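Dropping input.cif in here (mmCIF, C-alpha atoms and all ligand atoms):
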data_coords
#
loop_
_atom_site.label_atom_id
_atom_site.label_comp_id
_atom_site.auth_asym_id
_atom_site.auth_seq_id
_atom_site.Cartn_x
_atom_site.Cartn_y
_atom_site.Cartn_z
CA MET A 288 35.13 12.39 -8.17
CA LYS A 289 33.76 15.82 -7.20
CA TYR A 290 30.36 14.31 -6.37
CA LEU A 291 31.92 11.43 -4.43
CA LEU A 292 33.93 13.89 -2.33
CA PHE A 293 30.79 15.97 -1.75
CA PHE A 294 28.80 12.94 -0.64
CA VAL A 295 31.48 11.68 1.74
CA THR A 296 31.82 15.13 3.36
CA PHE A 297 28.04 15.54 3.49
CA SER A 298 27.54 12.09 5.07
CA PHE A 299 30.19 12.82 7.66
CA LEU A 300 28.63 16.18 8.59
CA CYS A 301 25.10 14.79 8.87
CA SER A 302 26.30 11.81 10.94
CA ALA A 303 27.96 14.21 13.30
CA LEU A 304 24.69 16.13 13.71
CA SER A 305 22.37 13.16 13.99
CA ALA A 306 22.37 9.75 15.55
CA GLN A 307 20.47 8.34 12.59
CA PRO A 308 21.92 6.71 9.49
CA VAL A 309 22.57 9.11 6.67
CA LYS A 310 20.76 8.78 3.38
CA LYS A 311 20.74 10.74 0.18
CA TYR A 312 18.31 13.64 -0.15
CA ALA A 313 16.13 14.93 -2.99
CA LEU A 314 13.68 17.74 -3.67
CA VAL A 315 11.08 18.20 -6.42
CA ILE A 316 8.98 21.28 -7.21
CA HIS A 317 6.15 22.42 -9.47
CA GLY A 318 4.92 25.88 -10.37
CA GLY A 319 1.62 24.87 -11.96
CA ALA A 320 0.48 22.95 -15.03
CA GLY A 321 -1.52 24.17 -17.98
CA VAL A 322 -1.75 25.15 -21.60
CA MET A 323 1.75 26.34 -22.46
CA SER A 324 3.66 26.43 -25.70
CA GLN A 325 7.07 27.62 -26.84
CA GLU A 326 5.23 30.08 -29.12
CA SER A 327 3.00 31.60 -26.45
CA MET A 328 5.88 32.13 -24.04
CA THR A 329 8.64 34.52 -25.05
CA PRO A 330 12.24 33.40 -24.41
CA LYS A 331 12.47 36.22 -21.85
CA MET A 332 9.47 34.87 -19.93
CA GLN A 333 10.84 31.34 -20.07
CA LYS A 334 14.13 32.62 -18.69
CA GLU A 335 12.38 34.41 -15.84
CA TYR A 336 10.44 31.31 -14.86
CA ARG A 337 13.55 29.13 -15.04
CA LEU A 338 15.42 31.62 -12.87
CA VAL A 339 12.86 31.46 -10.05
CA LEU A 340 12.51 27.67 -10.34
CA ASN A 341 16.29 27.32 -10.08
CA ARG A 342 16.41 29.70 -7.13
CA ALA A 343 13.69 27.70 -5.36
CA LEU A 344 15.63 24.46 -5.97
CA GLU A 345 18.83 26.01 -4.65
CA VAL A 346 17.16 27.26 -1.46
CA GLY A 347 15.72 23.78 -0.79
CA ASP A 348 19.01 22.13 -1.67
CA SER A 349 20.89 24.35 0.75
CA VAL A 350 18.56 23.36 3.63
CA LEU A 351 18.97 19.65 2.88
CA ALA A 352 22.70 19.85 2.22
CA HIS A 353 23.12 21.36 5.69
CA CYS A 354 21.25 18.39 7.20
CA GLY A 355 18.03 20.41 7.58
CA THR A 356 14.64 18.71 7.72
CA CYS A 357 12.37 18.01 4.77
CA MET A 358 9.67 20.27 6.29
CA ASP A 359 12.10 23.22 6.49
CA ALA A 360 13.12 22.56 2.89
CA VAL A 361 9.50 22.43 1.68
CA GLU A 362 8.52 25.63 3.50
CA LYS A 363 11.58 27.64 2.42
CA THR A 364 11.36 26.44 -1.19
CA ILE A 365 7.68 27.29 -1.47
CA ILE A 366 8.25 30.75 0.05
CA VAL A 367 10.57 31.58 -2.88
CA MET A 368 7.72 30.84 -5.29
CA GLU A 369 5.05 32.51 -3.11
CA ASP A 370 7.14 35.69 -3.08
CA SER A 371 7.51 35.70 -6.87
CA PRO A 372 4.80 37.49 -8.88
CA LEU A 373 5.13 34.81 -11.59
CA PHE A 374 3.19 32.11 -9.76
CA ASN A 375 -0.40 31.73 -8.65
CA ALA A 376 0.48 31.63 -4.95
CA GLY A 377 1.18 34.42 -2.45
CA LYS A 378 2.23 37.51 -4.44
CA GLY A 379 0.91 36.90 -7.94
CA ALA A 380 -2.18 34.90 -6.97
CA VAL A 381 -5.27 35.02 -9.18
CA PHE A 382 -8.30 37.12 -8.24
CA THR A 383 -11.70 36.04 -7.02
CA HIS A 384 -14.84 37.18 -8.85
CA GLU A 385 -15.06 40.07 -6.35
CA GLY A 386 -11.53 41.24 -7.15
CA THR A 387 -9.89 40.08 -3.93
CA VAL A 388 -7.26 37.42 -3.34
CA GLU A 389 -7.99 34.30 -1.24
CA LEU A 390 -5.14 31.89 -0.67
CA ASP A 391 -5.03 28.18 0.20
CA ALA A 392 -2.07 26.09 1.37
CA SER A 393 -1.22 22.82 3.08
CA VAL A 394 1.70 20.76 4.35
CA MET A 395 2.10 17.16 5.42
CA ASP A 396 4.82 15.36 7.33
CA GLY A 397 5.35 11.80 6.11
CA LYS A 398 6.92 10.56 9.34
CA SER A 399 4.14 11.46 11.81
CA LEU A 400 1.33 11.87 9.23
CA GLY A 401 0.85 15.29 10.82
CA ALA A 402 -0.77 17.86 8.55
CA GLY A 403 -1.77 21.52 8.49
CA ALA A 404 -3.90 23.49 6.04
CA VAL A 405 -5.44 26.92 5.56
CA ALA A 406 -8.02 28.26 3.09
CA GLY A 407 -9.52 31.61 2.17
CA ILE A 408 -6.54 33.55 3.53
CA LYS A 409 -6.61 37.26 2.66
CA ASP A 410 -3.88 38.76 4.79
CA VAL A 411 -0.97 36.38 5.38
CA LYS A 412 2.00 36.91 3.05
CA ASN A 413 3.17 33.28 3.13
CA PRO A 414 0.24 30.89 3.64
CA ILE A 415 2.59 27.87 3.54
CA SER A 416 4.15 29.03 6.83
CA LEU A 417 0.69 29.42 8.38
CA ALA A 418 -0.26 25.89 7.24
CA ARG A 419 2.88 24.60 8.93
CA LYS A 420 1.98 26.48 12.15
CA VAL A 421 -1.49 24.90 12.10
CA MET A 422 0.20 21.50 12.00
CA GLU A 423 2.75 22.29 14.70
CA LYS A 424 0.93 24.66 17.07
CA SER A 425 -2.79 23.89 16.91
CA GLU A 426 -4.93 20.90 17.76
CA HIS A 427 -6.48 21.09 14.31
CA VAL A 428 -5.60 20.27 10.73
CA PHE A 429 -7.56 22.82 8.70
CA LEU A 430 -8.36 26.49 9.50
CA THR A 431 -10.20 28.91 7.23
CA GLY A 432 -10.81 32.64 6.71
CA LYS A 433 -10.97 35.00 9.68
CA GLY A 434 -10.28 32.28 12.24
CA ALA A 435 -7.09 31.35 10.43
CA SER A 436 -6.01 35.03 10.43
CA GLN A 437 -6.72 35.27 14.16
CA PHE A 438 -4.57 32.18 14.71
CA ALA A 439 -1.86 33.77 12.53
CA VAL A 440 -1.79 36.89 14.74
CA GLU A 441 -1.62 34.74 17.88
CA GLN A 442 1.36 32.94 16.35
CA GLY A 443 3.17 36.22 15.68
CA PHE A 444 2.50 36.65 11.95
CA LYS A 445 2.33 40.24 10.73
CA LEU A 446 -0.78 40.63 8.57
CA VAL A 447 -0.59 42.37 5.19
CA ASP A 448 -3.28 44.27 3.32
CA ASN A 449 -4.98 42.28 0.55
CA SER A 450 -3.60 44.81 -1.95
CA TYR A 451 -0.10 43.34 -1.35
CA PHE A 452 -1.15 40.41 -3.58
CA TYR A 453 -2.19 42.64 -6.49
CA THR A 454 -0.38 42.11 -9.79
CA GLU A 455 -1.46 43.74 -13.01
CA ASN A 456 -1.32 40.52 -15.05
CA ARG A 457 -3.71 38.67 -12.77
CA TYR A 458 -6.03 41.69 -12.54
CA LYS A 459 -6.18 41.90 -16.35
CA ALA A 460 -6.89 38.16 -16.53
CA LEU A 461 -9.90 38.64 -14.25
CA GLN A 462 -11.16 41.62 -16.24
CA GLU A 463 -10.93 39.60 -19.47
CA LEU A 464 -13.03 36.84 -17.97
CA LEU A 465 -15.57 39.29 -16.56
CA LYS A 466 -15.82 40.99 -19.96
CA LYS A 467 -16.58 37.68 -21.61
CA GLU A 468 -19.22 37.27 -18.90
CA ARG A 469 -18.08 33.74 -18.42
CA GLU A 470 -19.69 32.34 -15.32
CA ALA A 471 -17.24 29.52 -14.88
CA THR A 472 -13.99 29.80 -13.02
CA THR A 473 -10.90 28.94 -14.99
CA ASN A 474 -7.44 27.65 -14.45
CA ASP A 475 -6.26 28.67 -17.93
CA LYS A 476 -3.53 30.66 -16.21
CA HIS A 477 -1.66 28.33 -13.96
CA GLY A 478 0.96 28.69 -11.32
CA THR A 479 0.02 26.88 -8.13
CA VAL A 480 3.28 25.94 -6.43
CA GLY A 481 4.33 22.79 -4.64
CA CYS A 482 7.33 20.99 -3.22
CA VAL A 483 8.19 17.54 -1.93
CA ALA A 484 11.44 16.86 -0.09
CA LEU A 485 13.24 13.76 1.16
CA ASP A 486 15.82 14.64 3.80
CA SER A 487 19.00 12.87 4.82
CA TYR A 488 17.17 11.23 7.75
CA GLY A 489 14.87 9.40 5.31
CA ASN A 490 11.81 11.56 6.04
CA ILE A 491 9.46 13.01 3.43
CA ALA A 492 7.36 16.19 3.54
CA ALA A 493 5.05 17.77 0.96
CA GLY A 494 3.44 21.19 0.60
CA THR A 495 1.22 23.10 -1.83
CA SER A 496 0.23 26.77 -2.04
CA THR A 497 -2.21 28.51 -4.40
CA GLY A 498 -4.50 31.41 -5.16
CA GLY A 499 -7.00 28.85 -6.48
CA MET A 500 -8.83 29.50 -9.72
CA ASN A 501 -9.30 32.78 -11.53
CA ASN A 502 -12.79 34.31 -11.01
CA LYS A 503 -13.66 31.85 -8.21
CA LYS A 504 -16.87 32.60 -6.30
CA TYR A 505 -18.78 31.80 -3.12
CA GLY A 506 -15.71 31.03 -1.03
CA ARG A 507 -14.70 28.23 -3.42
CA VAL A 508 -11.83 26.08 -2.14
CA GLY A 509 -9.89 23.71 -4.42
CA ASP A 510 -7.77 20.66 -3.76
CA SER A 511 -4.54 22.40 -2.71
CA PRO A 512 -5.33 22.72 1.01
CA ILE A 513 -7.10 19.36 1.18
CA ILE A 514 -4.94 16.60 2.62
CA GLY A 515 -5.25 13.53 0.42
CA ALA A 516 -6.36 15.58 -2.60
CA GLY A 517 -3.73 18.24 -3.42
CA THR A 518 -1.11 17.24 -0.84
CA TYR A 519 -0.09 13.99 0.82
CA ALA A 520 3.03 12.52 2.42
CA ASN A 521 3.78 9.18 4.00
CA ASN A 522 7.31 7.92 4.64
CA ALA A 523 6.11 4.40 3.74
CA THR A 524 5.23 5.43 0.19
CA GLY A 525 6.13 8.98 -0.84
CA GLY A 526 5.14 12.63 -0.91
CA PHE A 527 2.94 14.36 -3.51
CA SER A 528 1.85 17.85 -4.50
CA CYS A 529 -0.74 18.50 -7.20
CA THR A 530 -1.74 21.28 -9.55
CA GLY A 531 -4.72 21.50 -11.85
CA HIS A 532 -8.50 21.72 -11.85
CA GLY A 533 -9.10 21.19 -8.14
CA GLU A 534 -12.66 19.89 -8.30
CA TYR A 535 -11.42 16.76 -10.12
CA TYR A 536 -8.56 16.21 -7.70
CA ILE A 537 -10.91 16.38 -4.73
CA ARG A 538 -13.28 13.84 -6.25
CA LEU A 539 -10.44 11.44 -6.99
CA GLY A 540 -8.78 11.80 -3.59
CA PHE A 541 -5.86 12.24 -5.95
CA SER A 542 -2.69 12.18 -3.87
CA ARG A 543 -3.93 9.70 -1.28
CA ASP A 544 -4.98 7.41 -4.14
CA ILE A 545 -1.42 7.47 -5.50
CA SER A 546 -0.07 6.59 -2.06
CA ALA A 547 -2.62 3.75 -1.77
CA MET A 548 -1.58 2.30 -5.14
CA MET A 549 2.02 2.29 -3.97
CA GLU A 550 1.11 0.74 -0.64
CA TYR A 551 -1.41 -1.89 -1.69
CA LEU A 552 -0.53 -2.63 -5.33
CA LYS A 553 3.20 -2.09 -4.84
CA ASP A 554 3.26 0.26 -7.84
CA ASP A 555 6.43 2.32 -8.22
CA ILE A 556 5.99 6.08 -7.91
CA GLN A 557 6.04 6.81 -11.64
CA THR A 558 3.49 4.10 -12.44
CA ALA A 559 1.17 5.20 -9.63
CA CYS A 560 1.36 8.89 -10.66
CA ARG A 561 0.82 8.02 -14.32
CA LYS A 562 -2.20 5.84 -13.49
CA GLU A 563 -3.74 8.62 -11.40
CA VAL A 564 -3.24 11.19 -14.18
CA GLU A 565 -4.98 8.72 -16.54
CA LYS A 566 -7.94 8.63 -14.13
CA LEU A 567 -7.94 12.44 -14.16
CA THR A 568 -7.96 12.50 -17.96
CA LYS A 569 -10.85 10.00 -18.11
CA LEU A 570 -12.87 12.18 -15.76
CA GLY A 571 -12.22 15.23 -17.96
CA GLY A 572 -9.79 17.05 -15.66
CA THR A 573 -6.45 18.64 -16.44
CA GLY A 574 -3.31 19.12 -14.39
CA GLY A 575 -0.30 17.37 -12.97
CA VAL A 576 1.47 16.00 -9.92
CA ILE A 577 4.99 15.81 -8.54
CA GLY A 578 6.16 13.02 -6.26
CA LEU A 579 9.16 11.67 -4.47
CA ASP A 580 9.53 8.23 -2.87
CA LYS A 581 11.65 7.09 0.04
CA ASN A 582 14.54 6.20 -2.30
CA GLY A 583 14.56 9.61 -3.93
CA ASN A 584 12.85 8.50 -7.15
CA VAL A 585 11.12 11.46 -8.77
CA ALA A 586 7.78 11.57 -10.63
CA MET A 587 6.54 14.60 -12.58
CA GLU A 588 3.38 13.62 -14.48
CA PHE A 589 0.81 15.85 -16.21
CA ASN A 590 -1.78 15.75 -18.99
CA THR A 591 -1.39 19.38 -20.09
CA SER A 592 1.06 20.79 -22.63
CA GLY A 593 3.33 22.00 -19.87
CA MET A 594 4.09 22.11 -16.18
CA PHE A 595 6.69 24.33 -14.51
CA ARG A 596 8.80 21.75 -12.72
CA GLY A 597 12.21 20.70 -11.51
CA TYR A 598 14.17 18.56 -9.11
CA ILE A 599 17.55 18.47 -7.42
CA LYS A 600 19.35 15.61 -5.68
CA SER A 601 22.31 15.24 -3.34
CA GLY A 602 25.31 14.84 -5.57
CA GLY A 603 24.17 17.62 -7.86
CA GLU A 604 21.73 16.01 -10.34
CA ARG A 605 19.28 18.73 -11.34
CA LYS A 606 16.57 19.41 -13.92
CA VAL A 607 14.24 22.32 -14.68
CA ALA A 608 11.60 22.07 -17.42
CA ILE A 609 8.44 23.80 -18.63
CA PHE A 610 7.04 22.03 -21.68
CA LYS A 611 6.12 18.41 -22.31
N1 LIG B 701 -5.42 23.16 -7.95
C1 LIG B 701 -5.68 24.57 -7.79
C2 LIG B 701 -7.12 24.75 -7.39
O1 LIG B 701 -7.98 24.09 -7.96
C3 LIG B 701 -5.40 25.38 -9.01
C4 LIG B 701 -4.19 24.99 -9.83
O2 LIG B 701 -3.40 24.17 -9.41
O3 LIG B 701 -4.02 25.55 -10.94
O4 LIG B 701 -7.41 25.60 -6.59
#
Reformat the file's structure so that it appears as structure tokens.
Amino acid sequence: MKYLLFFVTFSFLCSALSAQPVKKYALVIHGGAGVMSQESMTPKMQKEYRLVLNRALEVGDSVLAHCGTCMDAVEKTIIVMEDSPLFNAGKGAVFTHEGTVELDASVMDGKSLGAGAVAGIKDVKNPISLARKVMEKSEHVFLTGKGASQFAVEQGFKLVDNSYFYTENRYKALQELLKKEREATTNDKHGTVGCVALDSYGNIAAGTSTGGMNNKKYGRVGDSPIIGAGTYANNATGGFSCTGHGEYYIRLGFSRDISAMMEYLKDDIQTACRKEVEKLTKLGGTGGVIGLDKNGNVAMEFNTSGMFRGYIKSGGERKVAIFK
């Protein structure tokens, strides 16, 4: 009864604000996939992660419940996770081999197929907002490094010093790798963040933000800012955000491939996501994906022992989970 009342009020409000028919909304998030076990994560840590995941869901829910757009919901939700030191995005990002932080992010709008992405960002607090600005205020899709920072200043962003992104945990993780003299980068410590939202106008948006992989070198860029790899949205199929070993996701054209399976093979979102994760496993990659289709069906698939994840729907249905 409570939910019915909520939905009737919500529908009435959104109708008043928009000429379009009102639909239900939904929002799904991830905070990275990886090797995680109940034993390796103290109850206190689990509680902290759940707290931020719930806060992120509530921020997104509040945008959508007030008839906001899916892109606003994606940006605001991701900012909550970028601002938390727990995740490998914004504050809390992993370090490069040189001991700096270089951030990547992207967004895509499923209605217009507009997209914006940034990579190698050293001085913008919330790269997801910059990715959105690239989509909305530039003629381009993808900006990198110094040019992206120059564009940020022109758009009124206040730059921060790279030291803002420093967290002791991530610094220690780099030192451990350097001590082992391991050449390879690693995504043992996960925490890339992502969000997909379906708004009450029936539009879908997706976004992803990351620090990339611990100990990355030579200006390495992963899948997260690459449209069709780490992020994709199309109102005709769904929206997707990925997390995992980026090199594999790029080679698979991961998120665009899921959308293609839905479009051409008529797979439902869960089947398409599951099939793509199977392809990832066959290739030797690890990670996961979240997705949302035009009817608000949620997919949260991964081949690791855990993925920080959750969703919320109009009417109050909500879930937050960490382990398999
Ligand atoms: N996909 C990210 C990258 O390869 C990392 C991650 O999601 O853990 O940069």
Worksheet item: Residues at most 7 Å from ligand LIG 701 (chain B), using only C-alpha atoms and all ligand atoms? Could they come as a PyMOL selection string?
Response: chain A and resi 319-320+474+477-479+497-500+508-511+517+529-534
For region 337-355 of chain A, what centre and edge lengths in Å (one decimal) does the axis-aligned box get once 4 Å is added on each side of all its listed atoms, as JSON?
{"center_x": 17.8, "center_y": 25.0, "center_z": -3.7, "size_x": 18.6, "size_y": 21.2, "size_z": 30.6}
Fill in: Nearest to Val585 (chain A), chosen from A:Leu567, A:Ala484, A:Met358, A:Ile537, with only C-alpha atoms counted in the distances
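Of A:Leu567, A:Ala484, A:Met358, A:Ile537, the one nearest Val585 (chain A) is A:Ala484, counting only C-alpha atoms.
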Fill in: d(CA of Glu335 (chain A), CA of Leu390 (chain A)) in Å
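Value for the CA of Glu335 (chain A)-CA of Leu390 (chain A) distance: 23.3 Å.
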Fill in: From A:Ser436, A:Asn456, A:Thr356, A:Ser399, residue lying nearest Lys378 (chain A) [all atoms listed in the file]
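Ranking A:Ser436, A:Asn456, A:Thr356, A:Ser399 by distance to Lys378 (chain A), first place goes to A:Asn456.
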Practice prompt. Excluding Glu565 (chain A) and residues on its chain fewer than 4 positions from it, collect all residues at most 12 Å away from it, counting only C-alpha atoms, and give them as JSON, numbers by chain.
Written response: {"A": [539, 541, 545, 558, 559, 560, 561, 569, 570, 571, 572, 573, 574, 575, 576, 588, 589, 590, 591]}
Item to complete: For CA of Ser496 (chain A) and CA of Val480 (chain A), determine how far apart the two atoms are, in Å to one decimal place.
Response: 5.4 Å
Worksheet item: So, counting only C-alpha atoms, which residue among A:Ser542, A:Leu464, A:Lys363, A:Thr568 is closest to Lys503 (chain A)?
Response: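 Checking each of A:Ser542, A:Leu464, A:Lys363, A:Thr568 against Lys503 (chain A), counting only C-alpha atoms, the winner is A:Leu464.
Once region 521-523 of chain A and its same-chain neighbours fewer than 4 positions away are set aside, A:Asp396, A:Gly397, A:Lys398, A:Leu400, A:Gly489, A:Asn490, A:Ile491, A:Ala492, A:Ser546, A:Glu550, A:Asp580, A:Lys581 remain within 8 Å of it when counting only C-alpha atoms.
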Discussion item. Calculated over all atoms listed in the file, which of the candidates A:Ala380, A:Gly432, A:Val483, A:Ser327 has the smallest distance to Ile365 (chain A)?
Written reply: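 Answer, going by the shortest atom-to-atom distance: A:Val483.
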Fill in: Between CA of Gly494 (chain A) and CA of Gly386 (chain A), distance in Å (one decimal)
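Separation between CA of Gly494 (chain A) and CA of Gly386 (chain A): 26.2 Å.
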Fill in: Which of A:Ser528, A:Asn501, A:Thr431, A:Ser601 sits closest to Glu345 (chain A) [using all atoms listed in the file]
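Of all the options, A:Ser601 lies closest to Glu345 (chain A).
If you measure from each of A:Cys357, A:Leu340, A:Thr524, A:His384 to Leu552 (chain A) using all atoms listed in the file, the closest one turns out to be A:Thr524.
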Practice prompt. Extract, using only C-alpha atoms, all DNA, RNA and protein residues at most 12 Å from Gln325 (chain A), discarding same-chain residues fewer than 4 positions from it, and format them as a ChimeraX atom specification.
Written response: /A:329-334,592-593,608-611
Could you model all heavy atoms for region 591-601 of chain A and present them as an mmCIF file, in the frame of the given file?
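The resulting file, part13.cif, is shown below:
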data_model
loop_
_atom_site.group_PDB
_atom_site.id
_atom_site.type_symbol
_atom_site.label_atom_id
_atom_site.label_comp_id
_atom_site.auth_asym_id
_atom_site.auth_seq_id
_atom_site.Cartn_x
_atom_site.Cartn_y
_atom_site.Cartn_z
ATOM 1 N N THR A 591 -1.307 18.086 -19.400
ATOM 2 C CA THR A 591 -1.390 19.380 -20.090
ATOM 3 C C THR A 591 -0.153 19.522 -20.989
ATOM 4 O O THR A 591 0.727 18.668 -20.962
ATOM 5 C CB THR A 591 -1.415 20.521 -19.062
ATOM 6 O OG1 THR A 591 -0.323 20.315 -18.163
ATOM 7 C CG2 THR A 591 -2.725 20.531 -18.279
ATOM 8 N N SER A 592 -0.100 20.646 -21.742
ATOM 9 C CA SER A 592 1.060 20.790 -22.630
ATOM 10 C C SER A 592 2.314 21.240 -21.878
ATOM 11 O O SER A 592 3.405 21.229 -22.443
ATOM 12 C CB SER A 592 0.729 21.760 -23.762
ATOM 13 O OG SER A 592 0.175 22.933 -23.229
ATOM 14 N N GLY A 593 2.148 21.626 -20.633
ATOM 15 C CA GLY A 593 3.330 22.000 -19.870
ATOM 16 C C GLY A 593 3.080 22.001 -18.378
ATOM 17 O O GLY A 593 1.931 22.008 -17.915
ATOM 18 N N MET A 594 4.160 21.941 -17.637
ATOM 19 C CA MET A 594 4.090 22.110 -16.180
ATOM 20 C C MET A 594 5.450 22.679 -15.755
ATOM 21 O O MET A 594 6.482 22.113 -16.095
ATOM 22 C CB MET A 594 3.812 20.778 -15.476
ATOM 23 C CG MET A 594 3.811 20.883 -13.955
ATOM 24 S SD MET A 594 3.075 19.437 -13.109
ATOM 25 C CE MET A 594 4.464 18.314 -13.065
ATOM 26 N N PHE A 595 5.440 23.800 -15.053
ATOM 27 C CA PHE A 595 6.690 24.330 -14.510
ATOM 28 C C PHE A 595 7.155 23.313 -13.472
ATOM 29 O O PHE A 595 6.405 22.989 -12.543
ATOM 30 C CB PHE A 595 6.457 25.681 -13.841
ATOM 31 C CG PHE A 595 5.987 26.744 -14.791
ATOM 32 C CD1 PHE A 595 4.686 27.212 -14.741
ATOM 33 C CD2 PHE A 595 6.839 27.269 -15.744
ATOM 34 C CE1 PHE A 595 4.239 28.198 -15.612
ATOM 35 C CE2 PHE A 595 6.407 28.249 -16.627
ATOM 36 C CZ PHE A 595 5.104 28.707 -16.558
ATOM 37 N N ARG A 596 8.390 22.833 -13.617
ATOM 38 C CA ARG A 596 8.800 21.750 -12.720
ATOM 39 C C ARG A 596 10.312 21.633 -12.625
ATOM 40 O O ARG A 596 11.027 22.134 -13.505
ATOM 41 C CB ARG A 596 8.213 20.416 -13.205
ATOM 42 C CG ARG A 596 8.700 19.999 -14.590
ATOM 43 C CD ARG A 596 7.787 18.957 -15.202
ATOM 44 N NE ARG A 596 8.299 18.418 -16.470
ATOM 45 C CZ ARG A 596 8.139 19.003 -17.657
ATOM 46 N NH1 ARG A 596 7.524 20.162 -17.755
ATOM 47 N NH2 ARG A 596 8.625 18.436 -18.748
ATOM 48 N N GLY A 597 10.772 20.927 -11.621
ATOM 49 C CA GLY A 597 12.210 20.700 -11.510
ATOM 50 C C GLY A 597 12.522 19.847 -10.300
ATOM 51 O O GLY A 597 11.683 19.652 -9.421
ATOM 52 N N TYR A 598 13.727 19.294 -10.290
ATOM 53 C CA TYR A 598 14.170 18.560 -9.110
ATOM 54 C C TYR A 598 15.674 18.727 -8.928
ATOM 55 O O TYR A 598 16.400 19.122 -9.851
ATOM 56 C CB TYR A 598 13.783 17.079 -9.183
ATOM 57 C CG TYR A 598 14.518 16.288 -10.242
ATOM 58 C CD1 TYR A 598 15.799 15.791 -10.025
ATOM 59 C CD2 TYR A 598 13.919 16.022 -11.474
ATOM 60 C CE1 TYR A 598 16.468 15.069 -11.001
ATOM 61 C CE2 TYR A 598 14.578 15.299 -12.461
ATOM 62 C CZ TYR A 598 15.852 14.831 -12.219
ATOM 63 O OH TYR A 598 16.519 14.131 -13.183
ATOM 64 N N ILE A 599 16.114 18.427 -7.724
ATOM 65 C CA ILE A 599 17.550 18.470 -7.420
ATOM 66 C C ILE A 599 17.834 17.342 -6.433
ATOM 67 O O ILE A 599 16.986 17.026 -5.604
ATOM 68 C CB ILE A 599 17.927 19.868 -6.858
ATOM 69 C CG1 ILE A 599 19.436 20.069 -6.847
ATOM 70 C CG2 ILE A 599 17.352 20.118 -5.469
ATOM 71 C CD1 ILE A 599 19.857 21.538 -6.836
ATOM 72 N N LYS A 600 19.011 16.723 -6.569
ATOM 73 C CA LYS A 600 19.350 15.610 -5.680
ATOM 74 C C LYS A 600 20.726 15.824 -5.069
ATOM 75 O O LYS A 600 21.555 16.517 -5.652
ATOM 76 C CB LYS A 600 19.344 14.290 -6.459
ATOM 77 C CG LYS A 600 17.986 13.895 -7.000
ATOM 78 C CD LYS A 600 18.045 12.502 -7.615
ATOM 79 C CE LYS A 600 16.682 12.116 -8.151
ATOM 80 N NZ LYS A 600 16.616 10.733 -8.576
ATOM 81 N N SER A 601 20.968 15.181 -3.923
ATOM 82 C CA SER A 601 22.310 15.240 -3.340
ATOM 83 C C SER A 601 23.262 14.672 -4.381
ATOM 84 O O SER A 601 22.942 13.705 -5.061
ATOM 85 C CB SER A 601 22.371 14.418 -2.047
ATOM 86 O OG SER A 601 21.786 13.153 -2.222
#
